[in-house]
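Below is upload.csv, which holds CSV, C-alpha atoms.
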```csv
chain,number,residue,atom,x,y,z
D,1,MET,CA,14.4,20.3,-3.4
D,2,LEU,CA,15.9,16.9,-3.9
D,3,ASP,CA,17.4,15.8,-7.2
D,4,LEU,CA,19.3,12.9,-8.7
D,5,THR,CA,21.4,13.0,-11.8
D,6,LEU,CA,22.6,9.7,-13.2
D,7,ASP,CA,25.2,8.9,-15.8
D,8,GLY,CA,23.5,7.0,-18.6
D,9,GLY,CA,20.3,5.2,-18.0
D,10,PRO,CA,17.6,4.5,-17.5
D,11,GLY,CA,18.8,1.1,-18.6
D,12,TYR,CA,21.8,-0.6,-17.0
D,13,GLU,CA,23.6,-3.9,-17.1
D,14,PRO,CA,23.4,-6.0,-14.0
D,15,GLY,CA,26.6,-5.7,-12.0
D,16,SER,CA,27.7,-2.5,-13.7
D,17,ASP,CA,28.7,0.7,-12.0
D,18,LEU,CA,26.2,3.4,-11.5
D,19,ARG,CA,27.6,6.9,-11.1
D,20,GLY,CA,25.6,10.0,-10.4
D,21,GLU,CA,25.2,13.1,-8.2
D,22,ALA,CA,22.7,13.8,-5.5
D,23,ARG,CA,21.7,17.4,-4.9
D,24,TRP,CA,19.5,19.0,-2.4
D,25,ASP,CA,18.4,22.4,-1.3
D,26,LEU,CA,16.2,22.2,1.7
D,27,PRO,CA,14.3,24.9,3.7
D,28,HIS,CA,15.6,23.4,7.0
D,29,ALA,CA,18.5,21.2,7.8
D,30,ALA,CA,17.7,17.5,7.3
D,31,ARG,CA,18.8,15.3,10.1
D,32,ARG,CA,19.6,12.7,7.5
D,33,VAL,CA,19.8,12.5,3.7
D,34,SER,CA,20.3,9.0,2.3
D,35,LEU,CA,20.2,7.1,-1.0
D,36,ARG,CA,18.5,3.8,-1.3
D,37,LEU,CA,18.3,1.3,-4.2
D,38,PHE,CA,15.5,-1.1,-4.2
D,39,TRP,CA,13.3,-3.4,-6.3
D,40,PHE,CA,9.6,-3.8,-5.9
D,41,THR,CA,6.8,-5.7,-7.6
D,42,GLN,CA,3.7,-4.4,-9.2
D,43,GLY,CA,0.8,-6.4,-10.6
D,44,LYS,CA,-2.1,-8.5,-9.4
D,45,GLY,CA,-0.8,-9.6,-6.1
D,46,GLN,CA,0.4,-7.8,-3.0
D,47,GLU,CA,3.6,-5.8,-3.6
D,48,ASP,CA,6.9,-7.0,-2.5
D,49,LEU,CA,9.9,-4.8,-1.9
D,50,GLU,CA,13.5,-5.2,-0.9
D,51,VAL,CA,16.1,-2.4,-0.3
D,52,VAL,CA,19.4,-3.8,-1.5
D,53,TYR,CA,21.7,-0.7,-0.9
D,54,ARG,CA,21.5,2.2,1.4
D,55,LEU,CA,24.0,5.0,1.8
D,56,GLU,CA,23.9,7.8,4.2
D,57,LEU,CA,25.2,10.9,2.4
D,58,ALA,CA,25.1,13.7,4.9
D,59,THR,CA,23.6,15.1,8.0
D,60,GLY,CA,22.6,18.6,8.9
D,61,ALA,CA,23.4,20.2,5.5
D,62,LEU,CA,20.9,22.6,4.0
D,63,GLN,CA,22.4,22.4,0.6
D,64,ALA,CA,24.8,19.9,-1.0
D,65,ARG,CA,26.0,18.2,-4.1
D,66,VAL,CA,27.3,14.8,-3.5
D,67,PRO,CA,28.7,12.5,-6.2
D,68,PHE,CA,28.2,8.8,-5.7
D,69,ARG,CA,29.1,5.5,-7.3
D,70,LEU,CA,27.6,2.1,-6.6
D,71,THR,CA,27.7,-1.3,-8.1
D,72,LEU,CA,24.3,-2.5,-9.3
D,73,PRO,CA,23.3,-6.0,-8.2
D,74,ALA,CA,23.3,-8.9,-10.5
D,75,GLN,CA,19.6,-9.7,-10.0
D,76,PRO,CA,16.7,-9.7,-10.1
D,77,TYR,CA,16.3,-8.4,-13.6
D,78,SER,CA,13.8,-5.8,-14.4
D,79,CYS,CA,11.0,-7.8,-16.0
D,80,SER,CA,7.3,-7.8,-16.8
D,81,GLY,CA,4.7,-10.4,-17.5
D,82,GLN,CA,0.9,-10.3,-17.3
D,83,LEU,CA,0.8,-11.1,-13.6
D,84,VAL,CA,3.8,-9.3,-12.2
D,85,SER,CA,6.5,-6.7,-13.0
D,86,ILE,CA,9.7,-6.4,-11.1
D,87,ARG,CA,11.0,-2.8,-11.1
D,88,TRP,CA,14.0,-1.0,-9.8
D,89,ALA,CA,14.3,2.5,-8.4
D,90,LEU,CA,16.8,4.7,-6.7
D,91,GLU,CA,15.5,7.2,-4.1
D,92,LEU,CA,17.1,10.2,-2.4
D,93,VAL,CA,15.4,10.5,0.9
D,94,ALA,CA,15.5,13.4,3.4
D,95,ASP,CA,14.6,12.8,7.1
D,96,ASP,CA,13.5,9.2,6.5
D,97,GLU,CA,10.2,9.8,4.6
D,98,GLY,CA,10.0,13.6,4.9
D,99,GLU,CA,10.9,14.3,1.3
D,100,VAL,CA,11.7,11.8,-1.5
D,101,HIS,CA,13.0,12.0,-5.0
D,102,ARG,CA,12.9,8.9,-7.1
D,103,LYS,CA,14.4,7.7,-10.4
D,104,ASP,CA,13.2,4.5,-12.0
D,105,LEU,CA,15.9,2.3,-13.4
D,106,VAL,CA,16.0,-0.8,-15.6
D,107,ILE,CA,18.5,-3.4,-14.6
D,108,ALA,CA,18.7,-6.2,-17.1
D,109,PRO,CA,20.9,-7.5,-19.9
D,110,GLY,CA,21.2,-4.8,-22.5
D,111,GLY,CA,19.6,-2.4,-20.2
D,112,ARG,CA,16.2,-3.5,-21.5
D,113,GLU,CA,13.4,-4.9,-19.4
D,114,VAL,CA,12.9,-8.6,-19.9
D,115,ARG,CA,9.4,-9.7,-21.0
D,116,ILE,CA,8.4,-12.9,-19.4
D,117,ASP,CA,5.2,-13.6,-21.3
D,118,GLY,CA,6.8,-14.0,-24.7
D,119,ASP,CA,5.3,-10.7,-25.8
D,120,PRO,CA,8.1,-8.7,-27.4
D,121,GLY,CA,6.5,-5.5,-26.9
V,122,MET,CA,0.1,-5.7,-21.2
V,123,ARG,CA,2.9,-5.3,-18.6
V,124,ALA,CA,1.6,-6.0,-15.1
V,125,CYS,CA,2.8,-2.5,-14.0
V,126,ASP,CA,0.7,-0.9,-16.8
V,127,ASN,CA,-2.5,-2.8,-15.9
V,128,PRO,CA,-5.0,-0.2,-14.6
V,129,PHE,CA,-6.2,-2.7,-12.1
V,130,ALA,CA,-2.8,-3.5,-10.6
V,131,VAL,CA,-2.9,-3.7,-6.8
V,132,PHE,CA,-0.9,-0.5,-6.3
V,133,ARG,CA,-3.5,1.4,-8.3
V,134,LEU,CA,-6.4,-0.2,-6.3
V,135,GLU,CA,-4.7,0.7,-3.0
V,136,ALA,CA,-4.4,4.3,-4.2
V,137,LEU,CA,-8.2,4.6,-4.5
V,138,ARG,CA,-9.7,6.6,-1.7
V,139,PHE,CA,-12.6,5.3,0.3
V,140,ARG,CA,-15.8,6.9,-0.8
V,141,LEU,CA,-16.6,9.0,2.3
V,142,ASP,CA,-17.0,12.7,2.2
V,143,GLU,CA,-15.9,15.1,5.0
V,144,ASP,CA,-19.4,15.0,6.6
V,145,GLY,CA,-19.1,11.2,6.6
V,146,TRP,CA,-15.7,11.3,8.1
V,147,GLY,CA,-16.9,13.7,10.8
V,148,GLY,CA,-19.7,11.4,11.7
V,149,LEU,CA,-17.5,8.4,11.8
V,150,LEU,CA,-14.9,10.1,14.0
V,151,ASP,CA,-17.7,11.4,16.3
V,152,ARG,CA,-19.0,7.9,16.7
V,153,TRP,CA,-15.5,6.6,17.4
V,154,ARG,CA,-15.0,9.2,20.2
V,155,ALA,CA,-18.5,8.6,21.6
V,156,GLN,CA,-17.8,4.9,21.8
V,157,GLY,CA,-14.6,5.4,23.7
V,158,GLY,CA,-12.4,4.8,20.7
V,159,ARG,CA,-13.9,1.4,20.2
V,160,GLY,CA,-15.8,0.2,17.1
V,161,ALA,CA,-16.1,-2.2,14.2
V,162,LEU,CA,-16.0,-1.6,10.4
V,163,VAL,CA,-18.6,-4.2,9.4
V,164,GLY,CA,-19.2,-5.5,5.9
V,165,PRO,CA,-19.0,-8.3,3.5
V,166,HIS,CA,-15.8,-9.4,1.6
V,167,GLY,CA,-14.5,-6.9,-0.8
V,168,SER,CA,-16.5,-3.9,0.5
V,169,GLY,CA,-13.5,-1.7,1.5
V,170,LYS,CA,-13.2,-2.4,5.2
V,171,THR,CA,-9.4,-2.6,5.1
V,172,GLN,CA,-9.1,0.6,3.0
V,173,LEU,CA,-11.4,2.5,5.4
V,174,GLN,CA,-9.4,1.2,8.4
V,175,ARG,CA,-6.1,2.3,6.7
V,176,GLU,CA,-7.5,5.8,6.0
V,177,LEU,CA,-8.9,6.0,9.6
V,178,ALA,CA,-5.5,5.1,10.8
V,179,GLN,CA,-4.0,8.0,8.8
V,180,ARG,CA,-6.5,10.5,10.3
V,181,LEU,CA,-5.9,9.3,13.8
V,182,GLU,CA,-2.1,9.5,13.3
V,183,ALA,CA,-2.6,13.1,12.1
V,184,GLU,CA,-4.3,13.7,15.4
V,185,GLY,CA,-1.3,12.4,17.3
V,186,PHE,CA,-2.3,8.8,17.9
V,187,ALA,CA,0.1,6.0,17.4
V,188,VAL,CA,-1.6,3.3,15.5
V,189,ARG,CA,-0.6,-0.4,15.7
V,190,ARG,CA,-2.0,-2.9,13.3
V,191,LEU,CA,-2.6,-6.6,13.3
V,192,GLN,CA,-4.0,-8.4,10.3
V,193,TRP,CA,-5.6,-11.8,10.0
V,194,GLY,CA,-6.4,-13.4,6.7
V,195,ARG,CA,-8.1,-16.7,5.9
V,196,ASP,CA,-4.8,-18.6,5.8
V,197,ARG,CA,-2.6,-16.9,8.3
V,198,GLY,CA,-2.4,-14.3,11.0
V,199,PRO,CA,0.3,-12.5,13.0
V,200,SER,CA,2.7,-14.6,15.0
V,201,ALA,CA,2.5,-14.7,18.7
V,202,MET,CA,5.6,-12.4,18.8
V,203,GLU,CA,3.9,-9.9,16.5
V,204,GLN,CA,0.8,-9.9,18.6
V,205,ALA,CA,2.8,-9.4,21.8
V,206,GLU,CA,4.7,-6.5,20.2
V,207,ALA,CA,1.5,-4.9,19.0
V,208,THR,CA,-0.2,-5.1,22.3
V,209,ARG,CA,2.7,-4.3,24.6
V,210,ALA,CA,2.0,-1.4,27.0
V,211,LEU,CA,-0.8,0.2,25.1
V,212,GLY,CA,-1.6,3.6,26.4
V,213,PRO,CA,-4.3,6.3,25.9
V,214,ARG,CA,-2.5,7.7,22.7
V,215,ASP,CA,-2.3,4.2,21.2
V,216,VAL,CA,-4.9,2.8,18.9
V,217,LEU,CA,-4.9,-0.9,18.1
V,218,MET,CA,-6.4,-1.9,14.7
V,219,ILE,CA,-7.3,-5.5,13.9
V,220,ASP,CA,-8.1,-6.4,10.4
V,221,GLY,CA,-10.1,-9.6,10.1
V,222,ALA,CA,-11.2,-9.9,13.7
V,223,GLU,CA,-13.7,-12.6,12.8
V,224,GLN,CA,-10.8,-15.0,12.2
V,225,LEU,CA,-10.0,-14.9,15.9
V,226,ALA,CA,-11.4,-17.6,18.1
V,227,PRO,CA,-13.5,-16.3,21.1
V,228,TYR,CA,-10.8,-16.8,23.6
V,229,ALA,CA,-8.1,-15.1,21.5
V,230,TRP,CA,-10.4,-12.2,20.9
V,231,TRP,CA,-11.2,-11.9,24.6
V,232,ARG,CA,-7.4,-11.9,25.4
V,233,LEU,CA,-6.7,-9.2,22.8
V,234,ARG,CA,-9.6,-7.0,23.9
V,235,GLY,CA,-8.3,-7.3,27.4
V,236,LYS,CA,-4.8,-6.2,26.4
V,237,ALA,CA,-6.3,-3.2,24.6
V,238,ARG,CA,-8.2,-2.1,27.7
V,239,GLY,CA,-5.7,0.7,28.4
V,240,ALA,CA,-5.5,1.8,24.7
V,241,GLY,CA,-7.0,5.0,23.4
V,242,GLY,CA,-8.7,3.0,20.7
V,243,LEU,CA,-9.5,-0.4,19.3
V,244,VAL,CA,-10.9,-0.6,15.8
V,245,VAL,CA,-11.6,-3.9,14.1
V,246,THR,CA,-12.9,-5.0,10.7
V,247,THR,CA,-15.3,-7.9,10.7
V,248,HIS,CA,-17.9,-9.4,8.4
V,249,ARG,CA,-20.7,-9.6,11.0
V,250,PRO,CA,-21.6,-7.2,13.8
V,251,GLY,CA,-21.0,-8.4,17.3
V,252,ARG,CA,-17.5,-8.0,18.5
V,253,LEU,CA,-17.6,-4.2,19.0
V,254,PRO,CA,-20.3,-1.6,18.4
V,255,PRO,CA,-20.3,-0.7,14.7
V,256,LEU,CA,-18.6,2.4,13.5
V,257,PHE,CA,-19.5,2.0,9.9
V,258,VAL,CA,-21.5,-0.6,8.0
V,259,HIS,CA,-20.3,-1.2,4.5
V,260,ARG,CA,-22.4,-1.9,1.5
V,261,THR,CA,-21.5,-2.3,-2.1
V,262,SER,CA,-23.3,-1.3,-5.2
V,263,LEU,CA,-22.9,-1.5,-8.9
V,264,ALA,CA,-22.8,2.3,-9.0
V,265,LEU,CA,-19.8,2.2,-6.6
V,266,LEU,CA,-18.0,-0.4,-8.8
V,267,LEU,CA,-18.5,1.8,-11.9
V,268,ASP,CA,-17.3,4.8,-10.0
V,269,LEU,CA,-14.1,3.1,-9.0
V,270,VAL,CA,-13.6,1.7,-12.5
V,271,GLY,CA,-14.1,5.2,-13.9
V,272,GLU,CA,-11.4,6.5,-11.7
V,273,LEU,CA,-9.0,3.8,-12.8
V,274,VAL,CA,-9.6,3.8,-16.5
V,275,GLY,CA,-11.4,7.1,-17.3
V,276,GLY,CA,-15.0,7.7,-18.1
V,277,ALA,CA,-15.1,6.6,-21.7
V,278,ARG,CA,-13.4,3.3,-21.1
V,279,ALA,CA,-15.5,2.7,-18.0
V,280,ALA,CA,-18.6,3.1,-20.1
V,281,ALA,CA,-17.4,0.5,-22.5
V,282,LEU,CA,-16.7,-1.8,-19.5
V,283,ARG,CA,-20.3,-1.3,-18.1
V,284,PRO,CA,-21.7,-4.6,-19.4
V,285,LEU,CA,-18.7,-6.5,-18.1
V,286,CYS,CA,-19.0,-4.8,-14.7
V,287,ASP,CA,-22.7,-5.7,-14.5
V,288,ALA,CA,-21.9,-9.3,-15.1
V,289,LEU,CA,-18.9,-9.4,-12.7
V,290,TYR,CA,-20.9,-7.6,-9.9
V,291,VAL,CA,-23.5,-10.4,-10.1
V,292,ARG,CA,-20.9,-13.2,-10.5
V,293,HIS,CA,-19.0,-12.1,-7.5
V,294,SER,CA,-22.0,-11.3,-5.3
V,295,GLY,CA,-21.1,-7.7,-4.9
V,296,ASN,CA,-17.5,-8.4,-3.8
V,297,LEU,CA,-15.8,-5.4,-5.4
V,298,ARG,CA,-12.3,-6.7,-4.8
V,299,GLU,CA,-13.0,-9.8,-6.8
V,300,CYS,CA,-14.6,-7.7,-9.5
V,301,LEU,CA,-11.5,-5.6,-9.8
V,302,ARG,CA,-9.3,-8.6,-9.8
V,303,SER,CA,-11.3,-10.1,-12.7
V,304,LEU,CA,-11.0,-6.8,-14.5
V,305,TYR,CA,-7.2,-7.1,-14.0
V,306,ASP,CA,-7.3,-10.5,-15.7
V,307,VAL,CA,-9.4,-9.3,-18.6
V,308,HIS,CA,-7.0,-6.4,-19.3
V,309,ALA,CA,-3.9,-8.7,-18.9
V,310,GLN,CA,-5.3,-11.2,-21.4
V,311,ARG,CA,-6.6,-8.6,-23.9
V,312,GLY,CA,-3.4,-6.7,-23.7
V,313,ALA,CA,-5.6,-3.6,-23.9
V,314,GLY,CA,-3.7,-0.4,-23.7
```
Transcribe the structure of this file into structure tokens.
Amino acid sequence: MLDLTLDGGPGYEPGSDLRGEARWDLPHAARRVSLRLFWFTQGKGQEDLEVVYRLELATGALQARVPFRLTLPAQPYSCSGQLVSIRWALELVADDEGEVHRKDLVIAPGGREVRIDGDPG
Amino acid sequence: MRACDNPFAVFRLEALRFRLDEDGWGGLLDRWRAQGGRGALVGPHGSGKTQLQRELAQRLEAEGFAVRRLQWGRDRGPSAMEQAEATRALGPRDVLMIDGAEQLAPYAWWRLRGKARGAGGLVVTTHRPGRLPPLFVHRTSLALLLDLVGELVGGARAAALRPLCDALYVRHSGNLRECLRSLYDVHAQRGAG
């Protein structure tokens, strides 16, 4: 089991601090448990993705609770239009891709996704 | 409609499984082995060659093969460095997969095939037969398009889209990828939920 608890959210101001706690309880010791923050695109074209923050939390622990704090990037904003959406997510990953727990985030002014097609809603 | 909510967004299309049952997979893998790990996935544009190659790669990786991929599009292909890396020291547990092999000039194809001589497999996608013996010959149909649309939007909405699918299938000459891209546009413009 992998789990992430975040203070606040899912909407956050760009550049603000994100605090939370990562927890895991695994059947066998993971060689590596890490946290990664990334944005990715979804829409009509091929997906793009960039990992902007990676933190190695522990190695070899079957169970753990690890508080973390990171400063969210200033950009790109979470946004959506008809052709593309930019989305943010935080993932807790054990053994590279062995097991993954993901939380979707919104990083934009006011913590609200920006609409780029003029459609308010 | 937000792009990420569009039922025809690329990430949803890529999650569609290639329509091949276990008997079909068994036959394809038997042919692959019988042909010494060599073969081509042959079919027209938008008929699922890349998807089938991706799923074949997953099955071969599950059997312990290491799969390396090179992809050529109409506009660009891998750099010389990427090609060198993908073809370096290929061994019997390595499989080289080339997507878009018809984009390679004859000499480039001859060189790549030579570098893959020691590999456990070489699987290409191509629009016409010829470069390697066929492993699978792709065909599209309106029924297949409707099946895919049904998986993406559900049966009731797929039924409502039937006339549009009929028209798109003809307009795009059976190219399912283009049909699905057009359906993306229709949904984006309608803002349909």
At a cut-off of 8 Å, can you tabulate as a tab-separated table every residue of chain V near chain D together with its closest atom pair and the distance in Å to one decimal, using all atoms listed in the file and ordering rows by chain then number?
```
residue	atom	partner	partner_atom	distance
V:Met122	CA	D:Gln82	CA	6.1
V:Arg123	CA	D:Ser80	CA	5.4
V:Ala124	CA	D:Gly43	CA	4.6
V:Cys125	CA	D:Gln42	CA	5.2
V:Asn127	CA	D:Gly43	CA	7.2
V:Phe129	CA	D:Lys44	CA	7.6
V:Ala130	CA	D:Gly43	CA	4.6
V:Val131	CA	D:Lys44	CA	5.5
V:Phe132	CA	D:Gln42	CA	6.7
V:Arg302	CA	D:Lys44	CA	7.2
V:Tyr305	CA	D:Lys44	CA	7.0
V:Ala309	CA	D:Gln82	CA	5.3
V:Gln310	CA	D:Gln82	CA	7.5
```
Show which residues sit within 8 Å of Glu21 in chain D, as a compact mmCIF listing (two decimals) with C-alpha atoms, in the frame of the given file. Count all atoms listed in the file, and ignore same-chain residues fewer than 2 positions away.
```
# COMPACT_ATOMS: atom_id res chain seq x y z
CA LEU D 4 19.30 12.90 -8.70
CA THR D 5 21.40 13.00 -11.80
CA LEU D 6 22.60 9.70 -13.20
CA ARG D 19 27.60 6.90 -11.10
CA ARG D 23 21.70 17.40 -4.90
CA ARG D 65 26.00 18.20 -4.10
CA VAL D 66 27.30 14.80 -3.50
CA PRO D 67 28.70 12.50 -6.20
CA PHE D 68 28.20 8.80 -5.70
```
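Using only C-alpha atoms, the nearest neighbour of Val188 in chain V within the list V:Val291, V:Val216, V:Ala205, V:Leu297 is V:Val216.
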Compile the contact shell of Thr71 in chain D as an mmCIF file with C-alpha atoms, in the coordinates of the input: residues with an atom at most 8 Å away, counting all atoms listed in the file, same-chain residues fewer than 6 positions apart removed.
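Heads up, here's the output in result-v8.cif:
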```cif
data_model
loop_
_atom_site.group_PDB
_atom_site.id
_atom_site.type_symbol
_atom_site.label_atom_id
_atom_site.label_comp_id
_atom_site.auth_asym_id
_atom_site.auth_seq_id
_atom_site.Cartn_x
_atom_site.Cartn_y
_atom_site.Cartn_z
ATOM 1 C CA GLY D 15 26.600 -5.700 -12.000
ATOM 2 C CA SER D 16 27.700 -2.500 -13.700
ATOM 3 C CA ASP D 17 28.700 0.700 -12.000
ATOM 4 C CA LEU D 18 26.200 3.400 -11.500
#
```
What's around Val258 in chain V at 10 Å? Count all atoms listed in the file, leave out sequence neighbours fewer than 2 positions away in its own chain, and write the answer as a short mmCIF file (atom, residue, chain, number, x, y, z; two decimals) with C-alpha atoms, in the frame of the given file.
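Output contents, as saved in out_11.cif:
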```
data_model
loop_
_atom_site.label_atom_id
_atom_site.label_comp_id
_atom_site.auth_asym_id
_atom_site.auth_seq_id
_atom_site.Cartn_x
_atom_site.Cartn_y
_atom_site.Cartn_z
CA ALA V 161 -16.10 -2.20 14.20
CA LEU V 162 -16.00 -1.60 10.40
CA VAL V 163 -18.60 -4.20 9.40
CA GLY V 164 -19.20 -5.50 5.90
CA PRO V 165 -19.00 -8.30 3.50
CA SER V 168 -16.50 -3.90 0.50
CA LYS V 170 -13.20 -2.40 5.20
CA THR V 247 -15.30 -7.90 10.70
CA HIS V 248 -17.90 -9.40 8.40
CA ARG V 249 -20.70 -9.60 11.00
CA PRO V 250 -21.60 -7.20 13.80
CA PRO V 255 -20.30 -0.70 14.70
CA LEU V 256 -18.60 2.40 13.50
CA ARG V 260 -22.40 -1.90 1.50
#
```
**OP:** Would you work out the distance separating CA of Val100 in chain D from CA of Thr59 in chain D, expressed in Å to one decimal?
**Re:** 15.6 Å
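Taking CA of Pro10 in chain D as the reference point, CA of Ala64 in chain D is found at 23.7 Å.
Interatomic distance, CA of Gly20 in chain D to CA of Val51 in chain D: 18.6 Å.
For the choices D:Leu37, D:Ala74, D:Ile107, D:Val93, the atom-to-atom distance to Ala22 in chain D is smallest for D:Val93 when using all atoms listed in the file.
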Subject >> Test item: which residues lie within 6 Å of (-22.9, -9.2, -8.2) counting all atoms listed in the file, as number ranges by chain >> reply: V: 290-295
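Remark: for Gly167 in chain V, the closest of the candidate residues V:Leu134, V:Gly276, V:Leu225, V:Gly241 is V:Leu134 (distances computed over all atoms listed in the file).
Using only C-alpha atoms, the nearest neighbour of Ala183 in chain V within the list V:Arg214, V:Arg298, V:Arg209, V:His166 is V:Arg214.
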**OP:** Skip Trp146 in chain V itself and residues of its chain fewer than 6 positions away, then list as a list in words all residues within 10 Å of it, counting only C-alpha atoms.
**Re:** Arg140, Arg152, Leu177 and Arg180 of chain V
